[in-house]
Every structure is written in C-alpha cells, then in structure tokens.
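Source file: run_5.cif. Holds: mmCIF, C-alpha atoms.
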```cif
data_my_file
#
loop_
_atom_site.group_PDB
_atom_site.id
_atom_site.type_symbol
_atom_site.label_atom_id
_atom_site.label_comp_id
_atom_site.auth_asym_id
_atom_site.auth_seq_id
_atom_site.Cartn_x
_atom_site.Cartn_y
_atom_site.Cartn_z
ATOM 1 C CA MET J 260 21.409 19.166 72.380
ATOM 2 C CA LYS J 261 21.330 22.320 70.242
ATOM 3 C CA LYS J 262 24.635 21.246 68.661
ATOM 4 C CA CYS J 263 23.111 17.853 67.799
ATOM 5 C CA HIS J 264 20.076 19.532 66.194
ATOM 6 C CA LEU J 265 22.331 21.869 64.244
ATOM 7 C CA LEU J 266 24.476 18.969 63.046
ATOM 8 C CA PHE J 267 21.408 16.987 61.990
ATOM 9 C CA PHE J 268 20.031 20.023 60.063
ATOM 10 C CA LEU J 269 23.304 20.537 58.272
ATOM 11 C CA LEU J 270 23.500 16.857 57.252
ATOM 12 C CA VAL J 271 19.946 16.730 55.884
ATOM 13 C CA PHE J 272 20.174 20.109 54.149
ATOM 14 C CA GLY J 273 23.554 19.209 52.729
ATOM 15 C CA LYS J 274 22.230 15.948 51.224
ATOM 16 C CA ARG J 275 19.318 17.785 49.598
ATOM 17 C CA LEU J 276 21.624 20.371 48.091
ATOM 18 C CA SER J 277 23.879 17.600 46.830
ATOM 19 C CA ALA J 278 20.939 15.724 45.266
ATOM 20 C CA GLN J 279 19.669 18.903 43.567
ATOM 21 C CA GLU J 280 23.130 19.649 42.211
ATOM 22 C CA ASN J 281 23.443 16.125 40.810
ATOM 23 C CA LEU J 282 19.974 16.358 39.226
ATOM 24 C CA THR J 283 20.827 19.704 37.651
ATOM 25 C CA ALA J 284 24.153 18.492 36.394
ATOM 26 C CA ALA J 285 22.832 15.223 34.878
ATOM 27 C CA PRO J 286 22.310 15.672 31.114
ATOM 28 C CA SER J 287 18.877 14.814 29.695
ATOM 29 C CA THR J 288 19.126 11.835 27.355
ATOM 30 C CA VAL J 289 16.677 11.130 24.526
ATOM 31 C CA THR J 290 17.051 7.934 22.535
ATOM 32 C CA THR J 291 16.464 8.748 18.880
ATOM 33 C CA GLY J 292 17.072 6.478 15.934
ATOM 34 C CA LYS J 293 20.134 6.932 13.791
ATOM 35 C CA SER J 294 19.543 8.401 10.351
ATOM 36 C CA ILE J 295 21.397 7.291 7.237
ATOM 37 C CA PHE J 296 21.540 10.981 6.248
ATOM 38 C CA SER J 297 23.176 12.405 9.424
ATOM 39 C CA PRO J 298 21.337 15.760 9.396
ATOM 40 C CA LYS J 299 23.033 18.825 10.881
ATOM 41 C CA ASN J 300 20.455 19.040 13.664
ATOM 42 C CA SER J 301 19.219 16.000 15.586
ATOM 43 C CA ARG J 302 15.792 15.771 17.147
ATOM 44 C CA ASN J 303 15.649 16.360 20.898
ATOM 45 C CA PHE J 304 12.574 14.138 21.259
ATOM 46 C CA SER J 305 11.777 10.529 20.476
ATOM 47 C CA ARG J 306 8.790 9.243 18.516
ATOM 48 C CA LYS J 307 8.722 5.986 20.483
ATOM 49 C CA GLY J 308 5.254 5.450 21.919
ATOM 50 C CA ASP J 309 3.540 7.807 19.467
ATOM 51 C CA PHE J 310 0.458 6.851 17.474
ATOM 52 C CA PHE J 311 -0.369 8.246 14.035
ATOM 53 C CA ALA J 312 -3.234 8.377 11.565
ATOM 54 C CA SER J 313 -3.317 9.474 7.923
ATOM 55 C CA TRP J 314 -5.758 9.951 5.035
ATOM 56 C CA GLY J 315 -5.136 10.742 1.376
ATOM 57 C CA TYR J 316 -5.673 9.807 -2.260
ATOM 58 C CA ASN J 317 -3.901 7.638 -4.827
ATOM 59 C CA ARG J 318 -3.264 6.918 -8.501
ATOM 60 C CA SER J 319 -2.464 3.374 -9.648
ATOM 61 C CA TRP J 320 -0.932 1.678 -12.672
ATOM 62 C CA PHE J 321 -1.310 -2.027 -13.444
ATOM 63 C CA GLY J 322 0.807 -4.516 -15.336
ATOM 64 C CA THR J 323 -0.816 -6.791 -17.914
ATOM 65 C CA SER J 324 -2.550 -9.758 -16.319
ATOM 66 C CA ASP J 325 -3.879 -13.189 -17.272
ATOM 67 C CA ILE J 326 -7.485 -13.686 -16.120
ATOM 68 C CA ASN J 327 -8.951 -17.183 -15.825
ATOM 69 C CA PHE J 328 -12.736 -17.671 -15.880
ATOM 70 C CA ARG J 329 -14.202 -21.026 -14.899
ATOM 71 C CA GLY J 330 -17.508 -22.656 -14.074
ATOM 72 C CA PRO J 331 -19.950 -25.171 -15.526
ATOM 73 C CA GLY J 332 -19.416 -25.320 -19.298
ATOM 74 C CA TYR J 333 -16.343 -23.094 -19.506
ATOM 75 C CA ASP J 334 -12.728 -22.735 -18.445
ATOM 76 C CA PHE J 335 -10.774 -20.137 -20.402
ATOM 77 C CA THR J 336 -7.948 -17.640 -19.847
ATOM 78 C CA LEU J 337 -7.509 -14.210 -21.376
ATOM 79 C CA ARG J 338 -3.799 -13.400 -21.763
ATOM 80 C CA ASP J 339 -2.026 -10.087 -21.095
ATOM 81 C CA VAL J 340 -5.147 -8.116 -20.294
ATOM 82 C CA VAL J 341 -4.668 -4.328 -20.113
ATOM 83 C CA ALA J 342 -6.375 -2.339 -17.347
ATOM 84 C CA HIS J 343 -6.272 1.118 -15.786
ATOM 85 C CA ASP J 344 -7.486 2.803 -12.627
ATOM 86 C CA ARG J 345 -10.505 5.110 -12.529
ATOM 87 C CA GLN J 346 -9.559 8.380 -10.898
ATOM 88 C CA SER J 347 -12.471 10.519 -9.764
ATOM 89 C CA LYS J 348 -12.498 14.022 -11.188
ATOM 90 C CA PHE J 349 -11.293 16.459 -8.549
ATOM 91 C CA GLY J 350 -14.272 18.131 -6.946
ATOM 92 C CA SER J 351 -16.629 18.147 -3.992
ATOM 93 C CA ASP J 352 -16.437 14.359 -3.480
ATOM 94 C CA TYR J 353 -12.955 14.835 -2.044
ATOM 95 C CA PHE J 354 -14.334 17.067 0.738
ATOM 96 C CA ASN J 355 -17.928 15.883 1.256
ATOM 97 C CA PRO J 356 -17.935 13.538 4.316
ATOM 98 C CA ALA J 357 -20.775 11.518 2.750
ATOM 99 C CA LYS J 358 -18.804 10.913 -0.467
ATOM 100 C CA ILE J 359 -15.200 11.075 0.712
ATOM 101 C CA SER J 360 -14.704 7.324 0.145
ATOM 102 C CA ILE J 361 -15.711 7.451 -3.549
ATOM 103 C CA PRO J 362 -12.287 8.579 -4.898
ATOM 104 C CA GLN J 363 -9.263 6.265 -4.685
ATOM 105 C CA TYR J 364 -8.128 6.785 -1.090
ATOM 106 C CA ASP J 365 -5.624 5.541 1.505
ATOM 107 C CA LEU J 366 -6.335 5.225 5.235
ATOM 108 C CA ARG J 367 -3.679 4.154 7.769
ATOM 109 C CA ILE J 368 -3.212 4.071 11.556
ATOM 110 C CA GLY J 369 -0.038 3.033 13.334
ATOM 111 C CA TYR J 370 2.259 3.026 16.346
ATOM 112 C CA TYR J 371 5.975 3.759 16.829
ATOM 113 C CA PHE J 372 7.464 0.889 18.833
ATOM 114 C CA LYS J 373 10.904 2.493 18.413
ATOM 115 C CA ASP J 374 11.913 6.043 17.611
ATOM 116 C CA ASN J 375 12.246 5.387 13.889
ATOM 117 C CA TYR J 376 10.325 2.122 13.473
ATOM 118 C CA SER J 377 6.541 1.817 13.367
ATOM 119 C CA ILE J 378 3.866 -0.749 12.591
ATOM 120 C CA SER J 379 0.565 0.134 10.964
ATOM 121 C CA LEU J 380 -2.739 -1.129 9.588
ATOM 122 C CA GLY J 381 -4.110 0.353 6.392
ATOM 123 C CA TRP J 382 -6.749 0.213 3.681
ATOM 124 C CA ASP J 383 -5.720 1.127 0.118
ATOM 125 C CA HIS J 384 -8.835 1.721 -1.964
ATOM 126 C CA MET J 385 -7.647 1.408 -5.558
ATOM 127 C CA LYS J 386 -9.738 0.792 -8.684
ATOM 128 C CA TYR J 387 -9.043 -1.684 -11.502
ATOM 129 C CA VAL J 388 -10.891 -1.438 -14.816
ATOM 130 C CA MET J 389 -10.234 -3.783 -17.740
ATOM 131 C CA ASP J 390 -10.029 -1.861 -21.026
ATOM 132 C CA ILE J 391 -13.011 -2.675 -23.248
ATOM 133 C CA PRO J 392 -12.763 -3.260 -26.159
ATOM 134 C CA GLN J 393 -9.307 -4.787 -26.491
ATOM 135 C CA ARG J 394 -7.595 -7.546 -28.456
ATOM 136 C CA VAL J 395 -6.162 -10.443 -26.426
ATOM 137 C CA ARG J 396 -5.106 -14.078 -26.777
ATOM 138 C CA ILE J 397 -7.347 -16.794 -25.357
ATOM 139 C CA ASP J 398 -6.819 -20.394 -24.201
ATOM 140 C CA GLY J 399 -9.415 -22.943 -23.048
ATOM 141 C CA TYR J 400 -12.975 -23.794 -23.951
ATOM 142 C CA ILE J 401 -16.437 -22.203 -23.902
ATOM 143 C CA ASP J 402 -19.579 -24.312 -24.344
ATOM 144 C CA PRO J 403 -22.735 -22.984 -26.040
ATOM 145 C CA LEU J 404 -24.296 -22.802 -22.549
ATOM 146 C CA ILE J 405 -22.303 -21.683 -19.515
ATOM 147 C CA SER J 406 -23.016 -21.660 -15.771
ATOM 148 C CA SER J 407 -26.056 -23.313 -14.211
ATOM 149 C CA PRO J 408 -28.806 -22.815 -15.148
ATOM 150 C CA GLY J 409 -27.291 -22.530 -18.611
ATOM 151 C CA HIS J 410 -26.704 -19.126 -20.177
ATOM 152 C CA PRO J 411 -25.888 -18.751 -23.912
ATOM 153 C CA SER J 412 -22.343 -17.769 -24.853
ATOM 154 C CA GLY J 413 -23.303 -16.833 -28.422
ATOM 155 C CA ASN J 414 -20.733 -16.997 -31.179
ATOM 156 C CA MET J 415 -17.859 -17.302 -28.688
ATOM 157 C CA ALA J 416 -18.477 -21.016 -28.086
ATOM 158 C CA GLY J 417 -15.453 -23.117 -29.057
ATOM 159 C CA THR J 418 -12.038 -24.420 -28.088
ATOM 160 C CA TYR J 419 -9.101 -22.014 -28.110
ATOM 161 C CA ASN J 420 -5.337 -22.382 -28.175
ATOM 162 C CA GLY J 421 -3.755 -18.952 -28.217
ATOM 163 C CA GLN J 422 -5.981 -17.339 -30.861
ATOM 164 C CA GLU J 423 -6.510 -13.580 -30.782
ATOM 165 C CA ILE J 424 -10.007 -12.276 -30.157
ATOM 166 C CA ASP J 425 -11.632 -8.885 -29.716
ATOM 167 C CA VAL J 426 -13.198 -8.644 -26.266
ATOM 168 C CA LYS J 427 -16.269 -6.425 -26.375
ATOM 169 C CA GLU J 428 -19.004 -5.610 -23.890
ATOM 170 C CA ALA J 429 -21.254 -8.348 -25.240
ATOM 171 C CA MET J 430 -18.655 -10.876 -24.060
ATOM 172 C CA LEU J 431 -17.213 -9.291 -20.910
ATOM 173 C CA THR J 432 -16.962 -6.288 -18.645
ATOM 174 C CA TYR J 433 -14.597 -6.674 -15.685
ATOM 175 C CA GLU J 434 -13.905 -4.146 -12.935
ATOM 176 C CA HIS J 435 -12.785 -3.934 -9.320
ATOM 177 C CA THR J 436 -14.094 -0.416 -8.830
ATOM 178 C CA ASP J 437 -15.635 -0.570 -5.387
ATOM 179 C CA GLY J 438 -12.749 -1.344 -5.362
ATOM 180 C CA PHE J 439 -9.384 -3.120 -5.661
ATOM 181 C CA ASN J 440 -9.067 -2.960 -1.847
ATOM 182 C CA TYR J 441 -5.809 -3.877 -0.102
ATOM 183 C CA ALA J 442 -5.979 -4.368 3.688
ATOM 184 C CA SER J 443 -2.395 -4.566 4.902
ATOM 185 C CA LEU J 444 -0.080 -4.716 7.869
ATOM 186 C CA GLU J 445 3.108 -2.720 7.277
ATOM 187 C CA ILE J 446 6.353 -2.063 9.090
ATOM 188 C CA GLN J 447 8.050 1.273 8.361
ATOM 189 C CA ARG J 448 11.405 2.938 9.045
ATOM 190 C CA ASP J 449 11.925 6.708 9.210
ATOM 191 C CA ASP J 450 15.248 8.445 8.465
ATOM 192 C CA ASP J 451 15.546 12.173 9.093
ATOM 193 C CA ILE J 452 16.967 14.059 6.103
ATOM 194 C CA TRP J 453 16.690 17.552 7.612
ATOM 195 C CA VAL J 454 15.646 18.869 11.048
ATOM 196 C CA SER J 455 15.123 22.562 11.739
ATOM 197 C CA ALA J 456 16.982 24.253 14.593
ATOM 198 C CA SER J 457 13.642 24.756 16.365
ATOM 199 C CA GLN J 458 12.952 20.981 16.180
ATOM 200 C CA ARG J 459 9.403 21.689 14.999
ATOM 201 C CA ARG J 460 9.907 21.073 11.274
ATOM 202 C CA SER J 461 11.659 18.188 9.571
ATOM 203 C CA PHE J 462 12.015 16.299 6.316
ATOM 204 C CA THR J 463 12.015 12.495 6.517
ATOM 205 C CA LEU J 464 12.419 9.445 4.286
ATOM 206 C CA GLU J 465 10.000 6.589 5.008
ATOM 207 C CA THR J 466 10.524 3.046 3.694
ATOM 208 C CA GLY J 467 8.457 -0.021 4.444
ATOM 209 C CA LEU J 468 7.287 -3.540 3.671
ATOM 210 C CA GLY J 469 3.776 -4.915 3.947
ATOM 211 C CA GLY J 470 1.480 -7.827 3.391
ATOM 212 C CA GLY J 471 -2.225 -8.462 3.592
ATOM 213 C CA VAL J 472 -5.418 -9.463 1.841
ATOM 214 C CA PHE J 473 -7.432 -8.123 -1.077
ATOM 215 C CA VAL J 474 -11.133 -7.518 -0.562
ATOM 216 C CA PRO J 475 -12.518 -6.328 -3.910
ATOM 217 C CA ARG J 476 -16.044 -5.553 -4.905
ATOM 218 C CA SER J 477 -16.013 -6.769 -8.479
ATOM 219 C CA ASP J 478 -18.463 -5.601 -11.132
ATOM 220 C CA VAL J 479 -18.396 -8.392 -13.739
ATOM 221 C CA HIS J 480 -20.691 -9.375 -16.611
ATOM 222 C CA LEU J 481 -19.819 -12.509 -18.610
ATOM 223 C CA PHE J 482 -21.876 -12.842 -21.805
ATOM 224 C CA GLY J 483 -24.362 -10.487 -20.157
ATOM 225 C CA LEU J 484 -24.636 -12.592 -16.986
ATOM 226 C CA GLY J 485 -23.374 -10.874 -13.834
ATOM 227 C CA ARG J 486 -23.730 -8.030 -11.355
ATOM 228 C CA ASN J 487 -21.869 -5.616 -9.107
ATOM 229 C CA ASN J 488 -20.931 -8.280 -6.568
ATOM 230 C CA HIS J 489 -20.600 -7.879 -2.813
ATOM 231 C CA TRP J 490 -17.196 -7.489 -1.179
ATOM 232 C CA ASN J 491 -15.294 -10.746 -0.718
ATOM 233 C CA LEU J 492 -11.927 -12.013 0.441
ATOM 234 C CA ALA J 493 -10.432 -12.749 -2.980
ATOM 235 C CA GLY J 494 -6.722 -13.281 -2.294
ATOM 236 C CA TYR J 495 -3.527 -11.957 -0.772
ATOM 237 C CA GLY J 496 -0.634 -9.672 -1.643
ATOM 238 C CA PHE J 497 2.668 -8.074 -0.687
ATOM 239 C CA SER J 498 4.092 -4.581 -1.129
ATOM 240 C CA ALA J 499 7.119 -2.342 -0.642
ATOM 241 C CA LYS J 500 7.102 1.441 -0.419
ATOM 242 C CA ALA J 501 9.262 4.528 -0.172
ATOM 243 C CA GLY J 502 8.269 8.133 0.321
ATOM 244 C CA LEU J 503 8.995 11.565 1.751
ATOM 245 C CA LYS J 504 7.359 13.242 4.749
ATOM 246 C CA TYR J 505 7.405 16.926 5.589
ATOM 247 C CA TYR J 506 6.525 17.756 9.202
ATOM 248 C CA PHE J 507 4.934 21.209 9.533
ATOM 249 C CA THR J 508 4.927 20.702 13.297
ATOM 250 C CA ARG J 509 6.077 17.887 15.545
ATOM 251 C CA GLY J 510 2.794 16.071 14.755
ATOM 252 C CA LEU J 511 1.301 17.322 11.480
ATOM 253 C CA TYR J 512 2.846 16.056 8.228
ATOM 254 C CA LEU J 513 2.295 15.792 4.484
ATOM 255 C CA GLN J 514 3.575 12.690 2.729
ATOM 256 C CA ASN J 515 3.993 11.455 -0.835
ATOM 257 C CA SER J 516 4.935 7.812 -1.339
ATOM 258 C CA THR J 517 5.158 5.212 -4.070
ATOM 259 C CA LYS J 518 4.234 1.588 -3.463
ATOM 260 C CA ILE J 519 5.005 -1.406 -5.663
ATOM 261 C CA GLY J 520 2.811 -4.429 -5.067
ATOM 262 C CA TYR J 521 1.803 -7.927 -6.055
ATOM 263 C CA SER J 522 -1.605 -9.544 -5.646
ATOM 264 C CA ASN J 523 -2.826 -13.104 -6.175
ATOM 265 C CA LEU J 524 -6.613 -13.145 -6.494
ATOM 266 C CA THR J 525 -7.806 -16.740 -6.400
ATOM 267 C CA ASN J 526 -11.527 -16.201 -5.850
ATOM 268 C CA VAL J 527 -13.037 -13.287 -7.765
ATOM 269 C CA HIS J 528 -16.834 -13.162 -7.880
ATOM 270 C CA THR J 529 -18.205 -12.918 -11.417
ATOM 271 C CA THR J 530 -21.761 -13.878 -12.470
ATOM 272 C CA GLY J 531 -23.287 -13.619 -8.993
ATOM 273 C CA ARG J 532 -23.426 -17.411 -8.730
ATOM 274 C CA ASP J 533 -20.560 -17.479 -6.261
ATOM 275 C CA ASP J 534 -20.618 -21.201 -5.517
ATOM 276 C CA ILE J 535 -20.014 -22.244 -9.141
ATOM 277 C CA ASP J 536 -18.641 -19.300 -11.192
ATOM 278 C CA ARG J 537 -15.405 -17.451 -10.417
ATOM 279 C CA ALA J 538 -12.291 -15.864 -11.857
ATOM 280 C CA SER J 539 -8.655 -15.646 -10.775
ATOM 281 C CA GLN J 540 -5.740 -13.399 -11.695
ATOM 282 C CA LYS J 541 -2.373 -12.088 -10.503
ATOM 283 C CA ILE J 542 -1.894 -8.324 -10.670
ATOM 284 C CA ASN J 543 1.329 -6.342 -10.337
ATOM 285 C CA TYR J 544 0.747 -2.668 -9.616
ATOM 286 C CA LEU J 545 2.376 0.659 -8.883
ATOM 287 C CA GLU J 546 0.580 3.074 -6.566
ATOM 288 C CA ASN J 547 1.424 6.683 -5.800
ATOM 289 C CA TYR J 548 -0.410 8.437 -2.990
ATOM 290 C CA THR J 549 -0.401 11.751 -1.173
ATOM 291 C CA ILE J 550 -1.656 11.811 2.404
ATOM 292 C CA LEU J 551 -2.049 14.196 5.321
ATOM 293 C CA GLY J 552 -1.214 12.682 8.694
ATOM 294 C CA TYR J 553 -0.952 13.479 12.374
ATOM 295 C CA GLN J 554 1.287 11.937 15.032
ATOM 296 C CA PHE J 555 0.224 12.036 18.671
#
```
Do you think you could lay out the structure here as structure tokens?
Amino acid sequence: MKKCHLLFFLLVFGKRLSAQENLTAAPSTVTTGKSIFSPKNSRNFSRKGDFFASWGYNRSWFGTSDINFRGPGYDFTLRDVVAHDRQSKFGSDYFNPAKISIPQYDLRIGYYFKDNYSISLGWDHMKYVMDIPQRVRIDGYIDPLISSPGHPSGNMAGTYNGQEIDVKEAMLTYEHTDGFNYASLEIQRDDDIWVSASQRRSFTLETGLGGGVFVPRSDVHLFGLGRNNHWNLAGYGFSAKAGLKYYFTRGLYLQNSTKIGYSNLTNVHTTGRDDIDRASQKINYLENYTILGYQF
C-alpha cells in the first residue's frame, strides 16, 4: 500500500512540475500592430481595449465660399467670400473652467478596437467670420422689402448678374462664432516611429478619416435684420487628418495634427425667422490643433 501511495505522489508531483516547466518555458505573446516605420524597439504591450480622451485648441483657415441667401423677396448669392477664424487671445480663458470653451477647442473620446486602430467621437469648435467690408460678385435679386413682415433692403434692391459690390455692415454681417462646430465620427491608425527601450515613451504617427454633422450657432444680420441664432443642425461634412503624438508615459501624450475638411451647410439660420429665411454655403477648411490626451 505504501508503494502505491508513493507511486501516486510521484505521478501527481511530476505532472505539476511538468506543467510549471511548460508554463515557464512558454513565451509571452503580445499582438501589436505593424508599423510602416519599423522602429528599433517594439512595444511589449498592446493598445487593444484601451480608451482615450483628449482636449486642446485649434487654428483654422478657410477657402473662399459662395453664400446663398433666400427668403420672401430675395434670392441672391455672394461669390468667393473671404473669411477667417477668430482666435482668442491667450490668457486666463484657456485655464478657467467656466470659460474654457470660449477659445477654439477640440474634444475627443475614443476606443482602440485593435492595437493600432481606434474609433472616436469628437467636437471641433472652430469659428468662421466673414471679412467685412469686402468686395465680392453677386448674382440674383433683392426686392425693396425682404422677409415677412417686410424689411427694407435700402439701396441694394435690384437684379444682379455678376456685378461687383462692396459688402458693408449695413448690408450684412455673417459669423459662425459660437461656433463652426463639427461633430464627427473618426477612424484612426497609429504607426510607431520610435519606441524607447523602457517602453514608456514613444513617438507615433496618427492618420485618420472622419465624417459628421455641422452644428453652428450663426450670428447673422441681413440689412440690419437678424440675431445671434440658436444652435442648429445646418449640414454635414467629411475630413482627413494626419499628426504626430509623443507619449510621455504609456498613457499621457501630446499631439499636434492637421485636418483638411469639407462642409456642406444647407440650412444656416439668418434673420431669426427660421421657417422662411436661411442661407447655404460650402466651406473647405484647414485646421491645425494641439491637444493633450490620456489613454487608459
């Protein structure tokens, strides 16, 4: 009987030793995405399953745009309108929690569904301000009274076919300053350029494509008739981006990216009479932003 017990002990103990040896010998495998740069060091961890959030500020540049205004008594288009952003002067607004959304900012949250691919939702708060005064071409017609009830259009009443006019404040002010808001869904790819030997720091290229809707708050006055309108779903857009990330730690990073985008605004609020007066325009833009993010 003792021999049977001894044999049983040796079998069980031997299997445990064998299992431990196999576990120790098995190499740990981490599935990380391939980088187009083939850095000297590869990460020993995967980002798959990580979430991230980022916040930062932007500058924007806009291509010339045709703006169509229409309503009772008028339907005219201003050609090749020039506009700029309105960057807040650097100061306390950038750090005051009560005023942090006044400057042109970018907010984004996302999830890595693969090691180097992620999907995210974001809000780009840009600002669009039409230069006033400026000289533009005009097509269409303007009656002596526009909108309903009628509002005088002054000496601008007439029919136009490509004539040049000077747009001044008495005729028009036109801004998306609260703002030119882009709510988007984006898909991004990360490619490691450099990874430190400690694995804590890295330098990464991010590229991505996105699409979404524009929700501006437009401040418009047409022949003195108008207001700072409420936010509205005005149209849609698409974008592409590329940028560089520097990871200070595995989670904390600083990023600078450039985004090129297109927007088609079909329903811009103008005079405050939203059911009858509106504007439309297509805007091409370039946006550069710097953000601080964290991955967890």
For a test of reading the model, state the distance in Å between atom CA of Leu380 of chain J and atom CA of Leu366 of chain J, rounded to one decimal.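 Taking atom CA of Leu380 of chain J and atom CA of Leu366 of chain J, their separation equals 8.5 Å.
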Point (-7.3, -8.1, -26.7) neighbourhood (10 Å, only C-alpha atoms) written as a PyMOL selection string: chain J and resi 337-341+390-397+423-427
Which residues are close to Thr463 of chain J, i.e. within 9 Å by only C-alpha atoms, leaving aside same-chain residues fewer than 3 positions away? Reply as a list in words. Asp449, Asp450, Asp451, Ile452, Trp453, Val454, Gly502, Leu503, Lys504, Tyr505 and Tyr506 of chain J
Selection result for the PyMOL selection byres ((chain J and resi 304) around 8) on this file, as a ChimeraX atom specification: /J:289-291,302-303,305-306
Residues just named, written with C-alpha atoms as a JSON list (two decimals), in the frame of the given file:
```json
[["chain", "number", "residue", "atom", "x", "y", "z"],
["J", 289, "VAL", "CA", 16.68, 11.13, 24.53],
["J", 290, "THR", "CA", 17.05, 7.93, 22.54],
["J", 291, "THR", "CA", 16.46, 8.75, 18.88],
["J", 302, "ARG", "CA", 15.79, 15.77, 17.15],
["J", 303, "ASN", "CA", 15.65, 16.36, 20.90],
["J", 305, "SER", "CA", 11.78, 10.53, 20.48],
["J", 306, "ARG", "CA", 8.79, 9.24, 18.52]]
```
Could you list the residues chosen by the PyMOL selection byres ((chain J and resi 507) around 12) in this structure as a short mmCIF file (atom, residue, chain, number, x, y, z; two decimals) with C-alpha atoms, in the coordinates of the input?
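Wrote it out as out-v7.cif, contents follow:
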```cif
data_model
loop_
_atom_site.label_atom_id
_atom_site.label_comp_id
_atom_site.auth_asym_id
_atom_site.auth_seq_id
_atom_site.Cartn_x
_atom_site.Cartn_y
_atom_site.Cartn_z
CA VAL J 454 15.65 18.87 11.05
CA SER J 455 15.12 22.56 11.74
CA SER J 457 13.64 24.76 16.36
CA GLN J 458 12.95 20.98 16.18
CA ARG J 459 9.40 21.69 15.00
CA ARG J 460 9.91 21.07 11.27
CA SER J 461 11.66 18.19 9.57
CA PHE J 462 12.02 16.30 6.32
CA THR J 463 12.02 12.50 6.52
CA LYS J 504 7.36 13.24 4.75
CA TYR J 505 7.40 16.93 5.59
CA TYR J 506 6.52 17.76 9.20
CA THR J 508 4.93 20.70 13.30
CA ARG J 509 6.08 17.89 15.54
CA GLY J 510 2.79 16.07 14.76
CA LEU J 511 1.30 17.32 11.48
CA TYR J 512 2.85 16.06 8.23
CA LEU J 513 2.30 15.79 4.48
CA GLN J 514 3.58 12.69 2.73
CA LEU J 551 -2.05 14.20 5.32
CA GLY J 552 -1.21 12.68 8.69
CA TYR J 553 -0.95 13.48 12.37
CA GLN J 554 1.29 11.94 15.03
#
```
Between J:Ser443, J:Asn414, J:Asn491, J:Asn543, which residue has the minimum interatomic distance to Ile368 of chain J, considering all atoms listed in the file? J:Ser443
Restricting the calculation to only C-alpha atoms: of J:Leu484, J:Leu545, J:Leu404, J:Leu464, which residue gets closest to Ala499 of chain J? J:Leu545
Neighbouring residues of segment 470-476 of chain J were defined as those with any atom within 10 Å, considering only C-alpha atoms; residues of the same chain fewer than 3 positions away were excluded. Please report them as number ranges by chain. J: 380-387, 434-446, 479, 487-499, 520-524, 527-528
Atom CA of Gly369 of chain J and atom CA of Ser313 of chain J, how far apart in Å?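 A separation of 9.0 Å between them.
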Please compute the atom CA of Ala342 of chain J-atom CA of Pro403 of chain J distance, one decimal, in Å.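 Atom CA of Pro403 of chain J lies 27.7 Å from atom CA of Ala342 of chain J.
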Centre, edges in Å (one decimal): axis-aligned box, segment 478-489 of chain J, 4 Å padding on all six sides, as lines of an AutoDock Vina configuration file:
```
center_x = -21.5
center_y = -9.2
center_z = -12.3
size_x = 14.2
size_y = 15.2
size_z = 27.0
```
Care to translate the PyMOL selection byres ((chain J and resi 332) around 7) into actual residues of this file, as a list of chain:residue names? J:Gly330, J:Pro331, J:Tyr333, J:Ile401, J:Asp402, J:Leu404, J:Ile405, J:Ser406
Take the residues that were just selected and, keeping C-alpha atoms, output them as an mmCIF file, keeping the file's coordinate frame.
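Below you can see out_2.cif, which holds the result:
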```cif
data_model
loop_
_atom_site.group_PDB
_atom_site.id
_atom_site.type_symbol
_atom_site.label_atom_id
_atom_site.label_comp_id
_atom_site.auth_asym_id
_atom_site.auth_seq_id
_atom_site.Cartn_x
_atom_site.Cartn_y
_atom_site.Cartn_z
ATOM 1 C CA GLY J 330 -17.508 -22.656 -14.074
ATOM 2 C CA PRO J 331 -19.950 -25.171 -15.526
ATOM 3 C CA TYR J 333 -16.343 -23.094 -19.506
ATOM 4 C CA ILE J 401 -16.437 -22.203 -23.902
ATOM 5 C CA ASP J 402 -19.579 -24.312 -24.344
ATOM 6 C CA LEU J 404 -24.296 -22.802 -22.549
ATOM 7 C CA ILE J 405 -22.303 -21.683 -19.515
ATOM 8 C CA SER J 406 -23.016 -21.660 -15.771
#
```
Considering all atoms listed in the file, can you say which of J:Arg329, J:Arg318, J:Lys358, J:Lys518 comes closest to Arg345 of chain J? J:Arg318
Mind checking which residues fall within 9 Å of Trp314 of chain J, counting only C-alpha atoms, ignoring those fewer than 2 positions away in the same chain, and posting them as number ranges by chain? J: 312, 316, 364-367, 549-552
The selected residues should be written to file as a CSV table (one decimal), in the frame of the given file (atoms: C-alpha atoms).
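Result went into result-v3.csv, see below:
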```
chain,number,residue,atom,x,y,z
J,312,ALA,CA,-3.2,8.4,11.6
J,316,TYR,CA,-5.7,9.8,-2.3
J,364,TYR,CA,-8.1,6.8,-1.1
J,365,ASP,CA,-5.6,5.5,1.5
J,366,LEU,CA,-6.3,5.2,5.2
J,367,ARG,CA,-3.7,4.2,7.8
J,549,THR,CA,-0.4,11.8,-1.2
J,550,ILE,CA,-1.7,11.8,2.4
J,551,LEU,CA,-2.0,14.2,5.3
J,552,GLY,CA,-1.2,12.7,8.7
```
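Each of J:Asn420, J:Ser379, J:Thr466, J:Asn327 was checked against Asn526 of chain J using all atoms listed in the file; the smallest atom-to-atom distance is that of J:Asn327.
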